[in-house]
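*Asks:* Can you read through this structure? Questions will come right after.
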Amino acid sequence: MASNEPALDTPIPLDSRYGDVPGDSESWEEWDPTAESVRPVRGRHRVAKQRGGLARSSTVLGVGVIAAVGAGGMATAQPKPPVSISLPDSLTQNLPDLGSLPGVGELVSHNAPDTPKSEAAQADQKIAASPLTMTGLSTAEAEQGATDAGEALRARILQQAEQQKASAVAEAKAAAQKAAAEKAAAEAKAKQDAATAKAAAEKKAAEEAAAKKAEEERLAKLAASYSLPVGSYTITSTFGEAGSMWSSGHHTGLDFAAPTGTPLKAIHSATVKSAGWAGAYGYRTVLTLDDGSELWFCHQSSIAVSAGQKVATGDVIGRIGATGNVTGPHLHLEVHTPDGTGIDPMTWLQSKGLNP
């Protein structure tokens, strides 16, 4: 006998999921949905057999009824005993996710195989199902078992304070280390500068000592070739002294007072330029040195050399007297540069290693 039931693998027209089934001419009775009737079918999709050989999903029918009731309308259905069938995978894969429909997701059985969700989505679902006190908790805090947003906020503040404190301590430590390093560098530089300055001072002192020694040696050699003009004397007037007794208004030489007749010696080897009377200078002898400088020996009582004569250091060239414009016997010594300028005889004698 031919059956009016459709084959299990026969696709159900998609239009039959909602509204009337085409070709179903029987009347529909008014049906009030109950908790038992709208309870979602567990396991794989089940469809109820309908008159005329058509079937619709009991889950879809329940969705339609709930949607109709929610809209304020009434839906009727011919009561028939449900028949369990299985839908092919090709059909179930094209069905929408009932859990995503507004107001329907909570009616879908949670015993059906769950679609794999990401960890973030699972955490969000866990937070959404949590009490109101968990509002404001982060996913990480919820995963760590926190349940109170206030305590979590307090913990965050304390954590931030600790982090800021640790950061401040680290910065202070770094600043102290930097300051210590800079101080150490400054001290090292100061020590190096002091050592450099000390070495430079020691070098300068050594150079000065060497220069002084060399000068002393040079003067010693000069002193061997230079000598003072008088053996025993007294310095009575120096170069530059002012007074009315001098016609120029100041003294132009260096006076060695000694008794008349005291021998006068040549200070250095030279050539006699002139020897004779010179007015206010009395008897005068002029010696010319090799560098062109001139030495004047004035107020002599007698002269022992003549012009053009060569003399050596220590040779007697005359004797002390009081001729010319004088107040007593003495040697008036003048020193002139090659250009004729008169200079201080004391300074010149000292430059030759002699100290009158």
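FYI, nothing fancy with the structure tokens labels: chains A, B, ... in order, residues from 1 per chain, ligands from 1 as they appear.
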Give me, as a ChimeraX atom specification, the residues of region 183-264 of chain A that a backbone DSSP run labels alpha helix (DSSP H).
*Replies:* /A:183-225
*Asks:* Kindly export the residues of the current selection with C-alpha atoms, as a PDB file, in the first residue's frame.
*Replies:*
```
ATOM      1  CA  LYS A 183      80.413  63.744  40.047  1.00  0.00           C
ATOM      2  CA  ALA A 184      82.962  60.984  39.620  1.00  0.00           C
ATOM      3  CA  ALA A 185      83.765  62.230  36.122  1.00  0.00           C
ATOM      4  CA  ALA A 186      84.120  65.799  37.426  1.00  0.00           C
ATOM      5  CA  GLU A 187      86.408  64.662  40.246  1.00  0.00           C
ATOM      6  CA  ALA A 188      88.475  62.615  37.834  1.00  0.00           C
ATOM      7  CA  LYS A 189      88.723  65.596  35.490  1.00  0.00           C
ATOM      8  CA  ALA A 190      89.669  67.885  38.386  1.00  0.00           C
ATOM      9  CA  LYS A 191      92.397  65.453  39.441  1.00  0.00           C
ATOM     10  CA  GLN A 192      93.630  65.196  35.884  1.00  0.00           C
ATOM     11  CA  ASP A 193      93.617  68.991  35.503  1.00  0.00           C
ATOM     12  CA  ALA A 194      95.449  69.364  38.811  1.00  0.00           C
ATOM     13  CA  ALA A 195      98.019  66.797  37.746  1.00  0.00           C
ATOM     14  CA  THR A 196      98.418  68.519  34.392  1.00  0.00           C
ATOM     15  CA  ALA A 197      98.787  71.927  36.068  1.00  0.00           C
ATOM     16  CA  LYS A 198     101.305  70.516  38.536  1.00  0.00           C
ATOM     17  CA  ALA A 199     103.313  68.928  35.755  1.00  0.00           C
ATOM     18  CA  ALA A 200     103.216  72.182  33.789  1.00  0.00           C
ATOM     19  CA  ALA A 201     104.317  74.150  36.872  1.00  0.00           C
ATOM     20  CA  GLU A 202     107.130  71.713  37.549  1.00  0.00           C
ATOM     21  CA  LYS A 203     108.171  71.864  33.919  1.00  0.00           C
ATOM     22  CA  LYS A 204     108.079  75.665  33.969  1.00  0.00           C
ATOM     23  CA  ALA A 205     110.069  75.756  37.203  1.00  0.00           C
ATOM     24  CA  ALA A 206     112.596  73.366  35.751  1.00  0.00           C
ATOM     25  CA  GLU A 207     112.852  75.447  32.606  1.00  0.00           C
ATOM     26  CA  GLU A 208     113.247  78.622  34.641  1.00  0.00           C
ATOM     27  CA  ALA A 209     115.891  76.995  36.804  1.00  0.00           C
ATOM     28  CA  ALA A 210     117.719  75.772  33.718  1.00  0.00           C
ATOM     29  CA  ALA A 211     117.485  79.213  32.123  1.00  0.00           C
ATOM     30  CA  LYS A 212     118.724  80.848  35.302  1.00  0.00           C
ATOM     31  CA  LYS A 213     121.641  78.453  35.508  1.00  0.00           C
ATOM     32  CA  ALA A 214     122.476  79.038  31.864  1.00  0.00           C
ATOM     33  CA  GLU A 215     122.367  82.799  32.418  1.00  0.00           C
ATOM     34  CA  GLU A 216     124.607  82.481  35.440  1.00  0.00           C
ATOM     35  CA  GLU A 217     127.055  80.445  33.426  1.00  0.00           C
ATOM     36  CA  ARG A 218     126.934  82.998  30.628  1.00  0.00           C
ATOM     37  CA  LEU A 219     127.501  85.859  33.053  1.00  0.00           C
ATOM     38  CA  ALA A 220     130.306  83.949  34.680  1.00  0.00           C
ATOM     39  CA  LYS A 221     132.013  83.652  31.328  1.00  0.00           C
ATOM     40  CA  LEU A 222     131.386  87.329  30.662  1.00  0.00           C
ATOM     41  CA  ALA A 223     132.681  88.244  34.076  1.00  0.00           C
ATOM     42  CA  ALA A 224     135.859  86.488  33.156  1.00  0.00           C
ATOM     43  CA  SER A 225     136.175  88.816  30.201  1.00  0.00           C
TER      44      SER A 225
END
```
*Asks:* Choose the residue, out of A:Pro329, A:Gly308, A:Pro229, A:Pro263, that has the smallest atom-to-atom separation from Gly282 (chain A); count only C-alpha atoms.
*Replies:*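 Result for the nearest residue to Gly282 (chain A): A:Pro329.
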*Asks:* Please, what distance in Å, to one decimal, runs between CA of Asp315 (chain A) and CA of Ala270 (chain A)?
*Replies:*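 Interatomic distance, CA of Asp315 (chain A) to CA of Ala270 (chain A): 10.3 Å.
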*Asks:* To one decimal place in Å, what is the distance between CA of Tyr281 (chain A) and CA of Trp296 (chain A)?
*Replies:* 9.5 Å
*Asks:* For CA of Ser293 (chain A) and CA of Gly240 (chain A), determine how far apart the two atoms are, in Å to one decimal place.
*Replies:*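 So the two atoms, CA of Ser293 (chain A) and CA of Gly240 (chain A), lie 19.4 Å apart.
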*Asks:* Show me, as a PDB file with C-alpha atoms, in the first residue's frame, the residues that have an atom within 9 Å of Gly328 (chain A) when counting only C-alpha atoms, minus same-chain residues fewer than 3 positions from it.
*Replies:*
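This is the output file around-v2.pdb:
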```
ATOM      1  CA  ALA A 257     134.519 107.874  44.396  1.00  0.00           C
ATOM      2  CA  PRO A 259     141.343 108.828  46.074  1.00  0.00           C
ATOM      3  CA  THR A 260     143.168 110.742  43.363  1.00  0.00           C
ATOM      4  CA  GLY A 321     141.256 112.694  39.452  1.00  0.00           C
ATOM      5  CA  ALA A 322     139.022 115.754  39.986  1.00  0.00           C
ATOM      6  CA  THR A 323     139.370 117.589  36.659  1.00  0.00           C
TER       7      THR A 323
END
```
*Asks:* Enumerate as a ChimeraX atom specification all residues of region 123-315 of chain A assigned to strand (DSSP E or B) by DSSP on the backbone, naming them with the chain letters and numbers the document uses.
*Replies:* /A:234-237,242,250,254-257,263-265,270-277,283-288,294-303,310-311
*Asks:* Pick out the closest residue to Gly253 (chain A) from this set: A:Leu333, A:Ala307, A:Leu289, A:Leu349. Count only C-alpha atoms.
*Replies:* A:Leu333
*Asks:* Calculated over only C-alpha atoms, which of the candidates A:Ala175, A:Ala149, A:Ala161, A:Leu264 has the smallest distance to Val316 (chain A)?
*Replies:*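 Checking each candidate against Val316 (chain A), we get A:Leu264 as the closest.
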